[in-house]
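Below: final.cif (mmCIF, C-alpha atoms)
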```cif
data_work
#
loop_
_atom_site.group_PDB
_atom_site.id
_atom_site.type_symbol
_atom_site.label_atom_id
_atom_site.label_comp_id
_atom_site.auth_asym_id
_atom_site.auth_seq_id
_atom_site.Cartn_x
_atom_site.Cartn_y
_atom_site.Cartn_z
ATOM 1 C CA MET A 1 0.000 0.000 0.000
ATOM 2 C CA PRO A 2 1.424 3.450 -0.854
ATOM 3 C CA ALA A 3 3.037 5.493 1.897
ATOM 4 C CA GLY A 4 3.038 8.747 -0.038
ATOM 5 C CA PRO A 5 1.009 10.430 -2.784
ATOM 6 C CA CYS A 6 -0.727 8.135 -5.254
ATOM 7 C CA SER A 7 0.861 7.925 -8.671
ATOM 8 C CA GLY A 8 -0.565 9.495 -11.794
ATOM 9 C CA PRO A 9 -2.785 12.568 -12.180
ATOM 10 C CA ALA A 10 -4.996 11.485 -9.292
ATOM 11 C CA GLY A 11 -1.968 11.542 -7.004
ATOM 12 C CA ARG A 12 -1.191 15.256 -7.201
ATOM 13 C CA LEU A 13 -0.552 16.997 -3.910
ATOM 14 C CA LEU A 14 -3.029 19.741 -3.188
ATOM 15 C CA GLY A 15 -1.151 21.726 -0.554
ATOM 16 C CA ILE A 16 -3.475 20.651 2.251
ATOM 17 C CA PRO A 17 -2.640 22.745 5.352
ATOM 18 C CA GLU A 18 -1.096 20.907 8.283
ATOM 19 C CA MET A 19 -3.740 22.073 10.766
ATOM 20 C CA SER A 20 -6.685 22.925 8.575
ATOM 21 C CA ARG A 21 -9.845 23.336 10.675
ATOM 22 C CA ALA A 22 -10.872 23.942 14.261
ATOM 23 C CA VAL A 23 -13.444 21.128 14.188
ATOM 24 C CA LEU A 24 -13.390 17.502 13.061
ATOM 25 C CA ILE A 25 -16.513 15.526 12.108
ATOM 26 C CA ALA A 26 -15.846 11.784 12.088
ATOM 27 C CA ASP A 27 -18.186 8.912 11.332
ATOM 28 C CA LEU A 28 -16.425 6.212 13.346
ATOM 29 C CA HIS A 29 -18.389 3.228 12.019
ATOM 30 C CA VAL A 30 -18.656 3.111 8.237
ATOM 31 C CA HIS A 31 -18.980 0.161 5.880
ATOM 32 C CA TRP A 32 -18.697 0.610 2.125
ATOM 33 C CA HIS A 33 -20.048 -2.158 -0.089
ATOM 34 C CA ARG A 34 -19.474 -2.533 -3.798
ATOM 35 C CA ASP A 35 -23.190 -2.278 -4.633
ATOM 36 C CA TYR A 36 -23.522 1.121 -2.945
ATOM 37 C CA ASP A 37 -24.111 4.181 -5.131
ATOM 38 C CA PRO A 38 -20.771 6.076 -5.341
ATOM 39 C CA ALA A 39 -22.522 9.339 -6.261
ATOM 40 C CA CYS A 40 -24.102 9.337 -2.793
ATOM 41 C CA LEU A 41 -20.805 10.379 -1.207
ATOM 42 C CA ARG A 42 -20.734 13.829 -2.783
ATOM 43 C CA ARG A 43 -24.481 14.215 -3.203
ATOM 44 C CA ASP A 44 -25.605 13.307 0.321
ATOM 45 C CA VAL A 45 -22.870 12.215 2.726
ATOM 46 C CA LEU A 46 -20.370 15.075 2.561
ATOM 47 C CA PRO A 47 -22.985 17.887 2.577
ATOM 48 C CA ARG A 48 -24.625 16.232 5.601
ATOM 49 C CA LEU A 49 -21.343 15.965 7.492
ATOM 50 C CA ARG A 50 -20.475 19.579 6.734
ATOM 51 C CA ARG A 51 -23.853 20.689 8.087
ATOM 52 C CA HIS A 52 -23.080 18.871 11.353
ATOM 53 C CA SER A 53 -20.078 21.138 11.868
ATOM 54 C CA GLY A 54 -21.993 24.406 11.632
ATOM 55 C CA GLY A 55 -19.114 25.738 9.530
ATOM 56 C CA ALA A 56 -15.775 24.628 8.125
ATOM 57 C CA ALA A 57 -14.570 21.254 9.375
ATOM 58 C CA ASP A 58 -12.294 18.366 8.535
ATOM 59 C CA ILE A 59 -14.268 15.258 7.566
ATOM 60 C CA VAL A 60 -13.234 11.659 8.339
ATOM 61 C CA LEU A 61 -14.925 8.353 7.485
ATOM 62 C CA CYS A 62 -13.552 5.311 9.331
ATOM 63 C CA TRP A 63 -14.070 2.270 7.109
ATOM 64 C CA THR A 64 -14.368 -0.536 9.660
ATOM 65 C CA GLU A 65 -14.513 -3.439 7.212
ATOM 66 C CA ALA A 66 -15.512 -7.003 7.954
ATOM 67 C CA THR A 67 -13.022 -9.723 7.017
ATOM 68 C CA ARG A 68 -14.729 -10.465 3.685
ATOM 69 C CA CYS A 69 -14.645 -6.792 2.560
ATOM 70 C CA ARG A 70 -11.664 -5.251 0.768
ATOM 71 C CA GLU A 71 -13.023 -1.941 -0.485
ATOM 72 C CA PHE A 72 -10.274 0.137 1.153
ATOM 73 C CA ASP A 73 -7.640 -1.905 -0.664
ATOM 74 C CA ARG A 74 -9.481 -1.406 -3.951
ATOM 75 C CA LEU A 75 -9.611 2.330 -3.311
ATOM 76 C CA ALA A 76 -5.889 2.439 -2.508
ATOM 77 C CA ALA A 77 -5.112 0.477 -5.686
ATOM 78 C CA GLY A 78 -7.000 2.979 -7.845
ATOM 79 C CA GLN A 79 -9.902 0.584 -8.450
ATOM 80 C CA GLY A 80 -12.397 2.299 -6.139
ATOM 81 C CA PRO A 81 -15.325 4.501 -7.116
ATOM 82 C CA TRP A 82 -13.448 7.808 -6.590
ATOM 83 C CA PRO A 83 -9.937 9.024 -7.457
ATOM 84 C CA VAL A 84 -7.615 9.284 -4.462
ATOM 85 C CA VAL A 85 -5.551 12.473 -4.417
ATOM 86 C CA ARG A 86 -3.331 11.694 -1.463
ATOM 87 C CA ALA A 87 -2.238 8.853 0.806
ATOM 88 C CA ALA A 88 -1.121 9.566 4.364
ATOM 89 C CA SER A 89 -0.226 7.860 7.646
ATOM 90 C CA GLY A 90 1.705 5.099 5.914
ATOM 91 C CA GLY A 91 -1.128 4.393 3.482
ATOM 92 C CA ALA A 92 -3.686 3.829 6.259
ATOM 93 C CA VAL A 93 -5.523 7.014 5.215
ATOM 94 C CA MET A 94 -6.678 8.175 1.778
ATOM 95 C CA ARG A 95 -7.982 11.580 0.768
ATOM 96 C CA ILE A 96 -10.690 12.184 -1.822
ATOM 97 C CA GLU A 97 -11.399 15.652 -3.186
ATOM 98 C CA ASP A 98 -14.675 17.007 -4.474
ATOM 99 C CA THR A 99 -14.560 17.394 -8.255
ATOM 100 C CA ALA A 100 -15.962 20.899 -7.850
ATOM 101 C CA GLY A 101 -12.908 21.867 -5.791
ATOM 102 C CA ASP A 102 -14.798 21.836 -2.494
ATOM 103 C CA ASP A 103 -13.438 20.299 0.692
ATOM 104 C CA GLY A 104 -12.607 16.631 0.567
ATOM 105 C CA VAL A 105 -12.834 13.716 2.954
ATOM 106 C CA TRP A 106 -10.282 11.481 4.668
ATOM 107 C CA ILE A 107 -10.972 7.718 4.438
ATOM 108 C CA VAL A 108 -9.339 5.796 7.304
ATOM 109 C CA ARG A 109 -8.567 2.079 7.153
ATOM 110 C CA GLY A 110 -10.204 -0.020 9.862
ATOM 111 C CA GLN A 111 -11.546 -3.443 10.711
ATOM 112 C CA GLN A 112 -14.685 -4.873 12.298
ATOM 113 C CA ILE A 113 -13.452 -7.830 14.329
ATOM 114 C CA VAL A 114 -15.783 -10.541 15.598
ATOM 115 C CA THR A 115 -14.259 -12.074 18.722
ATOM 116 C CA ALA A 116 -14.543 -15.635 20.046
ATOM 117 C CA GLU A 117 -17.432 -14.415 22.255
ATOM 118 C CA ARG A 118 -19.216 -12.962 19.166
ATOM 119 C CA ILE A 119 -18.554 -9.413 20.336
ATOM 120 C CA GLU A 120 -17.821 -6.814 17.644
ATOM 121 C CA ILE A 121 -14.733 -4.646 18.129
ATOM 122 C CA LEU A 122 -13.837 -1.828 15.749
ATOM 123 C CA ALA A 123 -10.117 -1.301 15.138
ATOM 124 C CA ILE A 124 -9.261 2.176 13.834
ATOM 125 C CA GLY A 125 -6.321 2.563 11.453
ATOM 126 C CA VAL A 126 -5.326 -1.102 11.117
ATOM 127 C CA ARG A 127 -6.348 -4.365 9.511
ATOM 128 C CA ASN A 128 -5.030 -7.651 10.876
ATOM 129 C CA GLU A 129 -6.779 -10.842 9.800
ATOM 130 C CA THR A 130 -5.243 -12.832 12.661
ATOM 131 C CA LEU A 131 -7.368 -10.924 15.187
ATOM 132 C CA GLU A 132 -10.621 -12.395 13.881
ATOM 133 C CA GLY A 133 -12.089 -15.001 16.221
ATOM 134 C CA ARG A 134 -9.689 -14.411 19.115
ATOM 135 C CA PRO A 135 -10.918 -13.747 22.685
ATOM 136 C CA ALA A 136 -11.966 -10.135 23.233
ATOM 137 C CA ASP A 137 -9.342 -9.379 25.887
ATOM 138 C CA GLU A 138 -6.630 -10.687 23.581
ATOM 139 C CA VAL A 139 -7.889 -8.535 20.689
ATOM 140 C CA ILE A 140 -7.990 -5.414 22.858
ATOM 141 C CA GLN A 141 -4.515 -6.127 24.232
ATOM 142 C CA MET A 142 -3.039 -6.592 20.764
ATOM 143 C CA LEU A 143 -4.653 -3.403 19.463
ATOM 144 C CA HIS A 144 -3.397 -1.517 22.506
ATOM 145 C CA GLN A 145 0.147 -2.777 21.898
ATOM 146 C CA ILE A 146 0.177 -1.445 18.335
ATOM 147 C CA GLY A 147 -1.483 1.833 19.323
ATOM 148 C CA ALA A 148 -4.804 1.268 17.536
ATOM 149 C CA PRO A 149 -8.010 2.538 19.198
ATOM 150 C CA ALA A 150 -10.560 -0.186 20.041
ATOM 151 C CA LEU A 151 -14.284 0.612 20.016
ATOM 152 C CA ILE A 152 -17.273 -1.573 20.810
ATOM 153 C CA PRO A 153 -20.265 -0.350 18.765
ATOM 154 C CA TRP A 154 -23.812 -0.523 20.030
ATOM 155 C CA ALA A 155 -25.846 -2.987 17.971
ATOM 156 C CA PRO A 156 -29.400 -4.353 18.320
ATOM 157 C CA GLY A 157 -29.440 -7.379 20.622
ATOM 158 C CA LYS A 158 -25.659 -7.496 21.048
ATOM 159 C CA TRP A 159 -25.445 -5.443 24.244
ATOM 160 C CA TRP A 160 -28.018 -7.527 26.120
ATOM 161 C CA GLY A 161 -28.006 -10.878 27.925
ATOM 162 C CA ARG A 162 -24.782 -12.873 28.110
ATOM 163 C CA ARG A 163 -22.903 -10.695 25.611
ATOM 164 C CA GLY A 164 -24.089 -7.586 27.418
ATOM 165 C CA ARG A 165 -22.572 -8.895 30.650
ATOM 166 C CA LEU A 166 -19.316 -9.704 28.878
ATOM 167 C CA ILE A 167 -19.191 -6.197 27.393
ATOM 168 C CA ALA A 168 -19.862 -4.649 30.809
ATOM 169 C CA ALA A 169 -16.944 -6.649 32.247
ATOM 170 C CA LEU A 170 -14.652 -5.498 29.411
ATOM 171 C CA PHE A 171 -15.442 -1.859 30.091
ATOM 172 C CA GLU A 172 -14.685 -2.424 33.765
ATOM 173 C CA ARG A 173 -11.339 -4.116 33.047
ATOM 174 C CA TRP A 174 -9.966 -1.768 30.414
ATOM 175 C CA PRO A 175 -9.195 1.967 30.858
ATOM 176 C CA PRO A 176 -11.586 4.333 29.056
ATOM 177 C CA ASP A 177 -8.823 5.583 26.743
ATOM 178 C CA VAL A 178 -8.106 1.998 25.588
ATOM 179 C CA LEU A 179 -11.608 0.574 25.093
ATOM 180 C CA MET A 180 -14.392 2.931 24.028
ATOM 181 C CA PRO A 181 -18.110 2.490 23.291
ATOM 182 C CA ALA A 182 -19.613 3.953 20.123
ATOM 183 C CA ASP A 183 -23.284 4.764 19.705
ATOM 184 C CA SER A 184 -25.044 3.876 16.439
ATOM 185 C CA SER A 185 -27.756 5.226 14.150
ATOM 186 C CA LEU A 186 -29.405 1.810 14.651
ATOM 187 C CA ARG A 187 -30.201 2.632 18.293
ATOM 188 C CA PRO A 188 -33.775 3.859 17.816
ATOM 189 C CA ARG A 189 -34.652 7.450 18.609
ATOM 190 C CA GLY A 190 -36.309 7.690 22.000
ATOM 191 C CA TRP A 191 -34.450 4.729 23.483
ATOM 192 C CA PRO A 192 -32.557 5.544 26.686
ATOM 193 C CA LEU A 193 -28.781 5.682 26.609
ATOM 194 C CA PRO A 194 -27.437 2.145 27.244
ATOM 195 C CA ARG A 195 -25.876 1.561 30.657
ATOM 196 C CA HIS A 196 -22.383 0.894 29.273
ATOM 197 C CA LEU A 197 -22.457 4.092 27.232
ATOM 198 C CA ARG A 198 -23.819 6.053 30.167
ATOM 199 C CA ARG A 199 -21.145 4.816 32.571
ATOM 200 C CA TRP A 200 -18.280 5.365 30.133
ATOM 201 C CA SER A 201 -19.519 8.867 29.334
ATOM 202 C CA ALA A 202 -19.774 9.689 33.038
ATOM 203 C CA ARG A 203 -16.171 8.546 33.580
ATOM 204 C CA TRP A 204 -14.760 10.183 30.472
ATOM 205 C CA GLY A 205 -17.015 13.201 29.948
ATOM 206 C CA ARG A 206 -17.625 12.592 26.232
ATOM 207 C CA ARG A 207 -19.490 10.350 23.757
ATOM 208 C CA LEU A 208 -18.611 8.761 20.416
ATOM 209 C CA ALA A 209 -20.874 7.738 17.552
ATOM 210 C CA GLY A 210 -21.011 6.274 14.065
ATOM 211 C CA SER A 211 -23.659 5.460 11.487
ATOM 212 C CA ASP A 212 -23.135 1.674 10.906
ATOM 213 C CA PRO A 213 -24.748 1.312 7.441
ATOM 214 C CA LEU A 214 -25.961 -2.192 6.643
ATOM 215 C CA ALA A 215 -25.023 -4.423 3.710
ATOM 216 C CA PHE A 216 -27.647 -3.724 1.060
ATOM 217 C CA PRO A 217 -28.094 -0.994 -1.571
ATOM 218 C CA GLY A 218 -29.596 2.222 -0.243
ATOM 219 C CA GLU A 219 -27.901 2.006 3.158
ATOM 220 C CA GLU A 220 -25.124 4.275 1.889
ATOM 221 C CA ARG A 221 -27.590 7.137 2.392
ATOM 222 C CA HIS A 222 -27.235 6.631 6.157
ATOM 223 C CA ILE A 223 -23.478 7.246 6.198
ATOM 224 C CA GLY A 224 -22.750 10.379 8.195
ATOM 225 C CA ARG A 225 -26.280 10.757 9.561
ATOM 226 C CA TYR A 226 -24.911 10.071 13.073
ATOM 227 C CA ALA A 227 -21.292 10.981 13.717
ATOM 228 C CA THR A 228 -18.875 12.479 16.259
ATOM 229 C CA LYS A 229 -17.871 16.109 16.497
ATOM 230 C CA PHE A 230 -14.404 16.732 17.942
ATOM 231 C CA GLU A 231 -13.486 20.252 19.006
ATOM 232 C CA SER A 232 -9.988 19.978 17.587
ATOM 233 C CA SER A 233 -8.012 20.229 14.351
ATOM 234 C CA LEU A 234 -6.853 17.284 12.288
ATOM 235 C CA ASP A 235 -3.130 17.246 11.475
ATOM 236 C CA ALA A 236 -3.023 16.609 7.733
ATOM 237 C CA SER A 237 0.599 15.465 7.872
ATOM 238 C CA ASP A 238 -0.448 12.397 9.914
ATOM 239 C CA PRO A 239 -4.252 12.245 10.152
ATOM 240 C CA LEU A 240 -4.353 8.791 11.745
ATOM 241 C CA ALA A 241 -2.092 9.773 14.650
ATOM 242 C CA SER A 242 -4.117 12.964 15.040
ATOM 243 C CA LEU A 243 -7.452 11.116 15.125
ATOM 244 C CA THR A 244 -6.051 8.521 17.544
ATOM 245 C CA ALA A 245 -4.890 11.274 19.897
ATOM 246 C CA MET A 246 -8.346 12.891 19.811
ATOM 247 C CA LEU A 247 -10.058 9.604 20.609
ATOM 248 C CA ARG A 248 -7.853 9.114 23.668
ATOM 249 C CA ASP A 249 -7.676 12.682 24.974
ATOM 250 C CA ARG A 250 -10.488 13.405 27.418
ATOM 251 C CA ASP A 251 -9.680 17.115 27.185
ATOM 252 C CA VAL A 252 -10.826 17.157 23.547
ATOM 253 C CA ALA A 253 -14.595 17.646 23.624
ATOM 254 C CA ALA A 254 -16.425 14.946 21.659
ATOM 255 C CA GLN A 255 -20.169 14.525 21.201
ATOM 256 C CA PRO A 256 -22.598 12.902 18.750
ATOM 257 C CA VAL A 257 -24.083 15.035 15.987
ATOM 258 C CA GLY A 258 -26.898 14.232 13.599
ATOM 259 C CA SER A 259 -29.784 11.888 14.293
ATOM 260 C CA ARG A 260 -30.546 8.203 14.728
ATOM 261 C CA SER A 261 -33.236 6.270 12.881
ATOM 262 C CA GLY A 262 -36.748 6.049 14.298
ATOM 263 C CA PRO A 263 -37.970 2.731 15.789
ATOM 264 C CA TRP A 264 -39.900 1.558 12.700
ATOM 265 C CA ALA A 265 -37.092 2.650 10.391
ATOM 266 C CA VAL A 266 -34.640 0.542 12.424
ATOM 267 C CA VAL A 267 -36.964 -2.478 12.194
ATOM 268 C CA TRP A 268 -37.257 -2.001 8.427
ATOM 269 C CA ARG A 269 -33.488 -1.578 7.966
ATOM 270 C CA ILE A 270 -32.701 -4.709 9.972
ATOM 271 C CA ALA A 271 -35.419 -6.769 8.222
ATOM 272 C CA ARG A 272 -34.055 -5.765 4.806
ATOM 273 C CA HIS A 273 -30.542 -6.588 5.958
ATOM 274 C CA MET A 274 -31.594 -10.050 7.135
ATOM 275 C CA TRP A 275 -33.405 -10.700 3.858
ATOM 276 C CA ALA A 276 -30.429 -9.535 1.792
ATOM 277 C CA THR A 277 -28.086 -11.720 3.864
ATOM 278 C CA ARG A 278 -30.341 -14.753 3.346
ATOM 279 C CA LEU A 279 -30.463 -14.175 -0.423
ATOM 280 C CA GLU A 280 -26.671 -13.850 -0.564
ATOM 281 C CA ARG A 281 -26.174 -17.106 1.327
ATOM 282 C CA HIS A 282 -28.609 -18.857 -1.008
ATOM 283 C CA ARG A 283 -26.765 -17.463 -4.052
ATOM 284 C CA VAL A 284 -23.367 -18.636 -2.721
ATOM 285 C CA ALA A 285 -24.748 -22.081 -1.840
ATOM 286 C CA HIS A 286 -26.035 -22.566 -5.386
#
```
Kindly transcribe the structure held in the file into structure tokens.
Amino acid sequence: MPAGPCSGPAGRLLGIPEMSRAVLIADLHVHWHRDYDPACLRRDVLPRLRRHSGGAADIVLCWTEATRCREFDRLAAGQGPWPVVRAASGGAVMRIEDTAGDDGVWIVRGQQIVTAERIEILAIGVRNETLEGRPADEVIQMLHQIGAPALIPWAPGKWWGRRGRLIAALFERWPPDVLMPADSSLRPRGWPLPRHLRRWSARWGRRLAGSDPLAFPGEERHIGRYATKFESSLDASDPLASLTAMLRDRDVAAQPVGSRSGPWAVVWRIARHMWATRLERHRVAH
């Protein structure tokens, strides 16, 4: 993966300032699937994220890909839906510019890891296939050793019962700057803040959020609808290190912006996701 500017016309440097904005808007839980509509990024996602800032802001999308997804690699290889104008942070971050010359967006490499206990952990800035299926404590320890933030996203049914108790124990064992909860647009509007989120926020004085779009066409419209606003600038010379520092620094104010889906919309999104997953399994089996 490239460590510097991409080659060819798409790899021109644009003179991005080292400390460009006073605010960062980051969607910390993004999936991009090949059947998504690429035009949605500039038509819907980026304007929405800019509105969250109330003014000029740096924009970051953390692509937390499941093991079977390789869209970040395709983007880095020049096979993605948009031209990359710059690589940064050792190739773990790509920048896309608006064709109209407007502000662009940073795309950060990441991974959605399913642990041995069937708990989802989001790794920001890295991808390591050997982490899949390992015990949660081992995954968190390994991410901590390499300096990658670890987030546990809220998800329907996955923070309750046995897994909910396991997650509660993880948040008790690990410091709040090592293991962090992330709210989701799939937590229906009107639902109370989950206990784990509430306790972490009380200890750390901030909250994190991401959109978590599901794996069927049309879900790309939800990217950026629920994100995190950091009251800090992103260092364009090393955006991954800058984002990591913001995630871990309790003195940097961080709060959700945007809105979550309503209860019936969540039910509809999940039902469509389950149906699409069933169809895909049937297609692969035959």
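Of the residues under consideration (A:Ser89, A:Thr64, A:Gln79, A:Ser53), A:Ser53 shows the shortest atom-to-atom contact distance to Pro256 of chain A when counting only C-alpha atoms.
Proximity to Leu243 of chain A was assessed for A:Trp106, A:Trp32, A:Trp174, A:Trp264 counting only C-alpha atoms; the smallest distance is recorded for A:Trp106.
Shortest separation to Gly55 of chain A among A:Leu24, A:Pro156, A:Gly190, A:Gln145 occurs at residue A:Leu24, atoms counted being all atoms listed in the file.
Closest approach to Pro217 of chain A from the set A:Arg272, A:Arg50, A:Trp63, A:Gln111 is made by A:Arg272, with distances taken over only C-alpha atoms.
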Fill in: Spatial neighbours of Val93 of chain A, 6 Å, only C-alpha atoms, chain gap at least 5 places, as a ChimeraX atom specification
/A:87-88,107-108
Using only C-alpha atoms, please write the residues we just selected to a file, as a compact mmCIF listing (two decimals), in the frame of the given file.
```
# COMPACT_ATOMS: atom_id res chain seq x y z
CA ALA A 87 -2.24 8.85 0.81
CA ALA A 88 -1.12 9.57 4.36
CA ILE A 107 -10.97 7.72 4.44
CA VAL A 108 -9.34 5.80 7.30
```
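For Trp204 of chain A, the residues within 12 Å (counting all atoms listed in the file, excluding itself and residues fewer than 4 positions away along the chain) are Pro175, Pro176, Asp177, Val178, Leu179, Met180, Pro181, Leu197, Arg198, Arg199, Trp200, Leu208, Leu247, Arg248, Asp249, Arg250, Asp251, Val252, Ala253, Ala254 and Gln255 of chain A.
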Fill in: Distance of atom CA of Trp268 of chain A from atom CA of Pro194 of chain A, expressed in Å to one decimal place
21.6 Å
Axis-aligned box for segment 234-249 of chain A, 6 Å per side, centre and edges in Å as AutoDock Vina command-line options:
```
--center_x -4.7 --center_y 12.9 --center_z 16.4 --size_x 22.7 --size_y 20.8 --size_z 29.2
```
Item to complete: Pick out the residues sitting within 12 Å of Asp27 of chain A, and hand them over as a PyMOL selection string; count all atoms listed in the file, and ignore anything fewer than 3 positions along from it in its own chain.
Response: chain A and resi 24+30-31+45-46+48-50+52+58-64+105-108+124+182-185+208-213+222-230+243+255-258
Discussion item. One decimal, in Å: what's the spacing between atom CA of Arg86 of chain A and atom CA of Leu240 of chain A?
Written reply: 13.6 Å
Fill in: Selected residue of minimal separation from Pro188 of chain A among A:Gly133, A:Gly147, A:Gly262, A:Gly205, counting all atoms listed in the file
A:Gly262
Worksheet item: With distances taken over only C-alpha atoms, which of A:Gly78, A:Ala150, A:Ala57, A:Ile167 is nearest to Glu117 of chain A?
Response: A:Ile167
Discussion item. Report, in Å to a single decimal, how far apart atom CA of Cys69 of chain A and atom CA of His33 of chain A are.
Written reply: 7.6 Å
Discussion item. Residues proximal to (-7.3, 13.6, 17.2) were defined as those with any atom within 7 Å of that point in the file's coordinates, counting only C-alpha atoms. Which are they, as a ChimeraX atom specification?
Written reply: /A:232,234,241-247
Prev. selection, C-alpha atoms, output as a JSON list (two decimals), keeping the file's coordinate frame:
```json
[["chain", "number", "residue", "atom", "x", "y", "z"],
["A", 232, "SER", "CA", -9.99, 19.98, 17.59],
["A", 234, "LEU", "CA", -6.85, 17.28, 12.29],
["A", 241, "ALA", "CA", -2.09, 9.77, 14.65],
["A", 242, "SER", "CA", -4.12, 12.96, 15.04],
["A", 243, "LEU", "CA", -7.45, 11.12, 15.12],
["A", 244, "THR", "CA", -6.05, 8.52, 17.54],
["A", 245, "ALA", "CA", -4.89, 11.27, 19.90],
["A", 246, "MET", "CA", -8.35, 12.89, 19.81],
["A", 247, "LEU", "CA", -10.06, 9.60, 20.61]]
```
Worksheet entry | Hits of the PyMOL selection byres ((chain A and resi 76) around 10) in this structure, as a PyMOL selection string | chain A and resi 1-2+6+71-75+77-80+83-84+86-87+91-95
Discussion item. Can you pull out the residues contacting Arg134 of chain A? Cut-off 12 Å, using only C-alpha atoms, and skip same-chain residues under 2 positions away; I want them as a list in words.
Written reply: Ile113, Val114, Thr115, Ala116, Glu117, Arg118, Ile119, Glu120, Ile121, Asn128, Glu129, Thr130, Leu131, Glu132, Ala136, Asp137, Glu138, Val139, Ile140, Gln141 and Met142 of chain A
Practice prompt. Write out as number ranges by chain which residues come within 10 Å of Trp159 of chain A when counting all atoms listed in the file, dropping same-chain ones fewer than 6 positions away.
Written response: A: 119, 152-153, 165-168, 194-196
Preceding selection exported with C-alpha atoms as a compact mmCIF listing (two decimals), keeping the file's coordinate frame:
```txt
# COMPACT_ATOMS: atom_id res chain seq x y z
CA ILE A 119 -18.55 -9.41 20.34
CA ILE A 152 -17.27 -1.57 20.81
CA PRO A 153 -20.26 -0.35 18.76
CA ARG A 165 -22.57 -8.90 30.65
CA LEU A 166 -19.32 -9.70 28.88
CA ILE A 167 -19.19 -6.20 27.39
CA ALA A 168 -19.86 -4.65 30.81
CA PRO A 194 -27.44 2.14 27.24
CA ARG A 195 -25.88 1.56 30.66
CA HIS A 196 -22.38 0.89 29.27
```
Practice prompt. Go through the shown structure with the PyMOL selection byres ((chain A and resi 39) around 12) and write out the matching residues as a list in words.
Written response: Asp35, Tyr36, Asp37, Pro38, Cys40, Leu41, Arg42, Arg43, Asp44, Val45, Leu46, Pro81, Trp82, Asp98, Thr99, Gly218, Glu220 and Arg221 of chain A
